[in-house]
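Reproduced below: input03.pdb, with PDB, C-alpha atoms.
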ATOM      1  CA  MET A 181    -183.505-137.703 -38.970
ATOM      2  CA  ALA A 182    -181.900-139.274 -35.915
ATOM      3  CA  LEU A 183    -179.223-141.059 -37.977
ATOM      4  CA  ALA A 184    -177.814-137.736 -39.218
ATOM      5  CA  GLY A 185    -177.696-136.400 -35.666
ATOM      6  CA  GLU A 186    -175.834-139.459 -34.427
ATOM      7  CA  VAL A 187    -173.343-139.250 -37.299
ATOM      8  CA  GLY A 188    -172.797-135.609 -36.347
ATOM      9  CA  GLU A 189    -172.086-136.642 -32.763
ATOM     10  CA  LEU A 190    -169.591-139.255 -34.003
ATOM     11  CA  VAL A 191    -167.800-136.767 -36.254
ATOM     12  CA  ALA A 192    -167.702-134.210 -33.425
ATOM     13  CA  GLU A 193    -165.519-136.605 -31.422
ATOM     14  CA  PHE A 194    -162.804-136.161 -34.076
ATOM     15  CA  GLN A 195    -163.325-132.502 -34.957
ATOM     16  CA  TRP A 196    -160.492-130.992 -32.945
ATOM     17  CA  LEU A 197    -158.093-133.942 -32.920
ATOM     18  CA  THR A 198    -154.852-134.000 -34.863
ATOM     19  CA  PRO A 199    -154.503-136.802 -37.436
ATOM     20  CA  ALA A 200    -152.263-138.682 -34.993
ATOM     21  CA  GLU A 201    -154.784-138.308 -32.145
ATOM     22  CA  ALA A 202    -157.632-139.432 -34.418
ATOM     23  CA  GLU A 203    -155.734-142.604 -35.337
ATOM     24  CA  ASN A 204    -155.032-143.460 -31.697
ATOM     25  CA  PRO A 205    -157.684-141.864 -29.456
ATOM     26  CA  ASP A 206    -157.223-141.832 -25.698
ATOM     27  CA  PRO A 207    -159.394-144.268 -23.692
ATOM     28  CA  ASP A 208    -162.065-141.671 -22.806
ATOM     29  CA  THR A 209    -162.435-140.543 -26.425
ATOM     30  CA  MET A 210    -162.471-144.153 -27.589
ATOM     31  CA  ALA A 211    -165.320-144.955 -25.183
ATOM     32  CA  ARG A 212    -167.365-142.050 -26.562
ATOM     33  CA  VAL A 213    -166.548-143.065 -30.166
ATOM     34  CA  ARG A 214    -167.603-146.645 -29.427
ATOM     35  CA  ALA A 215    -170.917-145.409 -27.992
ATOM     36  CA  GLU A 216    -171.577-143.153 -30.992
ATOM     37  CA  LEU A 217    -170.707-145.952 -33.425
ATOM     38  CA  GLY A 218    -173.250-148.093 -31.610
ATOM     39  CA  ASP A 219    -175.887-145.386 -32.001
ATOM     40  CA  VAL A 220    -175.093-144.881 -35.703
ATOM     41  CA  THR A 221    -175.141-148.620 -36.340
ATOM     42  CA  GLY A 222    -178.475-149.046 -34.582
ATOM     43  CA  TYR A 223    -180.169-146.299 -36.574
ATOM     44  CA  LEU A 224    -178.590-147.443 -39.853
ATOM     45  CA  VAL A 225    -179.651-151.064 -39.365
ATOM     46  CA  ARG A 226    -183.171-149.962 -38.440
ATOM     47  CA  LEU A 227    -183.427-147.710 -41.500
ATOM     48  CA  ALA A 228    -182.215-150.515 -43.762
ATOM     49  CA  ASP A 229    -184.723-152.904 -42.186
ATOM     50  CA  VAL A 230    -187.639-150.508 -42.694
ATOM     51  CA  LEU A 231    -186.616-149.928 -46.326
ATOM     52  CA  GLY A 232    -185.900-153.598 -47.017
ATOM     53  CA  VAL A 233    -182.246-152.997 -47.882
ATOM     54  CA  ASP A 234    -179.610-155.690 -47.331
ATOM     55  CA  LEU A 235    -176.717-153.557 -46.061
ATOM     56  CA  ILE A 236    -174.048-156.124 -46.940
ATOM     57  CA  ALA A 237    -175.355-156.505 -50.512
ATOM     58  CA  ALA A 238    -175.607-152.716 -50.880
ATOM     59  CA  ALA A 239    -172.012-152.294 -49.692
ATOM     60  CA  HIS A 240    -170.780-154.950 -52.130
ATOM     61  CA  VAL A 241    -172.604-153.263 -55.029
ATOM     62  CA  LYS A 242    -171.069-149.909 -54.072
ATOM     63  CA  LEU A 243    -167.550-151.364 -53.759
ATOM     64  CA  ASP A 244    -167.888-153.081 -57.149
ATOM     65  CA  GLU A 245    -169.082-149.828 -58.708
ATOM     66  CA  SER A 246    -166.144-147.909 -57.203
ATOM     67  CA  GLU A 247    -163.715-150.507 -58.524
ATOM     68  CA  ARG A 248    -165.165-150.110 -62.038
ATOM     69  CA  ARG A 249    -165.250-146.309 -61.838
ATOM     70  CA  TYR A 250    -161.802-145.881 -60.316
ATOM     71  CA  PRO A 251    -159.416-148.521 -61.659
ATOM     72  CA  PRO A 252    -156.310-148.340 -59.441
ATOM     73  CA  GLU A 253    -153.930-148.179 -62.384
ATOM     74  CA  LEU A 254    -155.623-144.957 -63.551
ATOM     75  CA  TYR A 255    -156.643-143.269 -60.295
ATOM     76  CA  ARG A 256    -154.111-144.238 -57.580
ATOM     77  CA  GLY A 257    -152.779-141.024 -56.063
ATOM     78  CA  SER A 258    -155.229-138.857 -58.014
ATOM     79  CA  ALA A 259    -158.133-136.745 -56.785
ATOM     80  CA  ARG A 260    -159.748-136.404 -60.213
ATOM     81  CA  LYS A 261    -163.357-137.432 -60.603
ATOM     82  CA  ALA A 262    -164.305-140.439 -62.724
ATOM     83  CA  PRO A 263    -166.920-140.189 -65.465
ATOM     84  CA  PRO A 264    -170.351-141.642 -64.652
ATOM     85  CA  LEU A 265    -170.785-145.357 -65.184
ATOM     86  CA  PRO A 266    -173.213-146.713 -67.721
ATOM     87  CA  SER A 267    -175.964-148.698 -66.018
ATOM     88  CA  CYS A 268    -175.193-152.360 -65.396
ATOM     89  CA  ALA A 269    -177.768-155.097 -65.855
ATOM     90  CA  ASP A 270    -176.008-157.417 -63.399
ATOM     91  CA  GLU A 271    -176.303-155.181 -60.315
ATOM     92  CA  ASP A 272    -178.262-156.421 -57.334
ATOM     93  CA  THR A 273    -181.199-154.049 -57.683
ATOM     94  CA  ALA A 274    -184.857-154.589 -57.084
ATOM     95  CA  PRO A 275    -187.718-153.758 -59.414
ATOM     96  CA  SER A 276    -188.159-150.712 -57.186
ATOM     97  CA  GLY A 277    -184.601-149.647 -58.049
ATOM     98  CA  ARG A 278    -183.390-149.976 -54.462
ATOM     99  CA  VAL A 279    -179.903-151.406 -54.121
ATOM    100  CA  GLY A 280    -179.603-154.571 -52.084
ATOM    101  CA  TYR A 281    -183.381-154.942 -51.870
ATOM    102  CA  MET A 282    -184.652-157.903 -49.904
ATOM    103  CA  PRO A 283    -188.166-159.007 -50.917
TER     104      PRO A 283
END
Step by step, read the file and then write its structure as structure tokens.
Amino acid sequence: MALAGEVGELVAEFQWLTPAEAENPDPDTMARVRAELGDVTGYLVRLADVLGVDLIAAAHVKLDESERRYPPELYRGSARKAPPLPSCADEDTAPSGRVGYMP
């Protein structure tokens, strides 16, 4: 899948950088990162369009789920895994089960 390849190219731009370099890339690296982000975004938006997924709605559902699974007062500073969530009836899911589905 082309999306995976483009994500790999994006990650490769950071592979050998120090944390400080990754946070403040030089202009040449930043230009390559910008181009790869454009490629990743294009493929991601196209995939979402073909599948009928509203990316913004899907991201909101995922953020809400993470907030429920990892309450800051219990998980801040911890790497432990949260237990699975029970299913929620109020999530933005389609009859097909796809998150953020747009009919």
query: In Å, how far is it from atom CA of Met210 of chain A to atom CA of Leu227 of chain A?
result: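 According to the coordinates, atom CA of Met210 of chain A and atom CA of Leu227 of chain A are separated by 25.4 Å.
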- prompt: atom CA of Val241 of chain A and atom CA of Asp229 of chain A, how far apart in Å?
  reply: 17.7 Å
query: Just so the selection is clear, what residues does the PyMOL selection byres ((chain A and resi 183) around 10) cover here, as an MDAnalysis selection string?
result: chainID A and resid 181:182 184:189 219:224 226:227
So that all listed atoms of segment 226-238 of chain A fit with 8 Å spare on each side, what axis-aligned box centre and edge lengths in Å, to one decimal, would you give as JSON?
{"center_x": -180.8, "center_y": -152.1, "center_z": -44.7, "size_x": 29.6, "size_y": 24.8, "size_z": 28.4}
task: Could you check how far atom CA of Leu235 of chain A sits from atom CA of Gly218 of chain A, in Å to one decimal?
output: 15.8 Å
- request: Find the residues around Pro263 of chain A up to 12 Å (all atoms listed in the file counted), leave out those fewer than 5 positions away in its own chain, and share them as a ChimeraX atom specification.
  value: /A:245-246,248-251,255
- request: Taking the file above as input, evaluate the PyMOL selection byres ((chain A and resi 193-198) around 12) and report the hits as a PyMOL selection string.
  value: chain A and resi 186-192+199-206+208-217
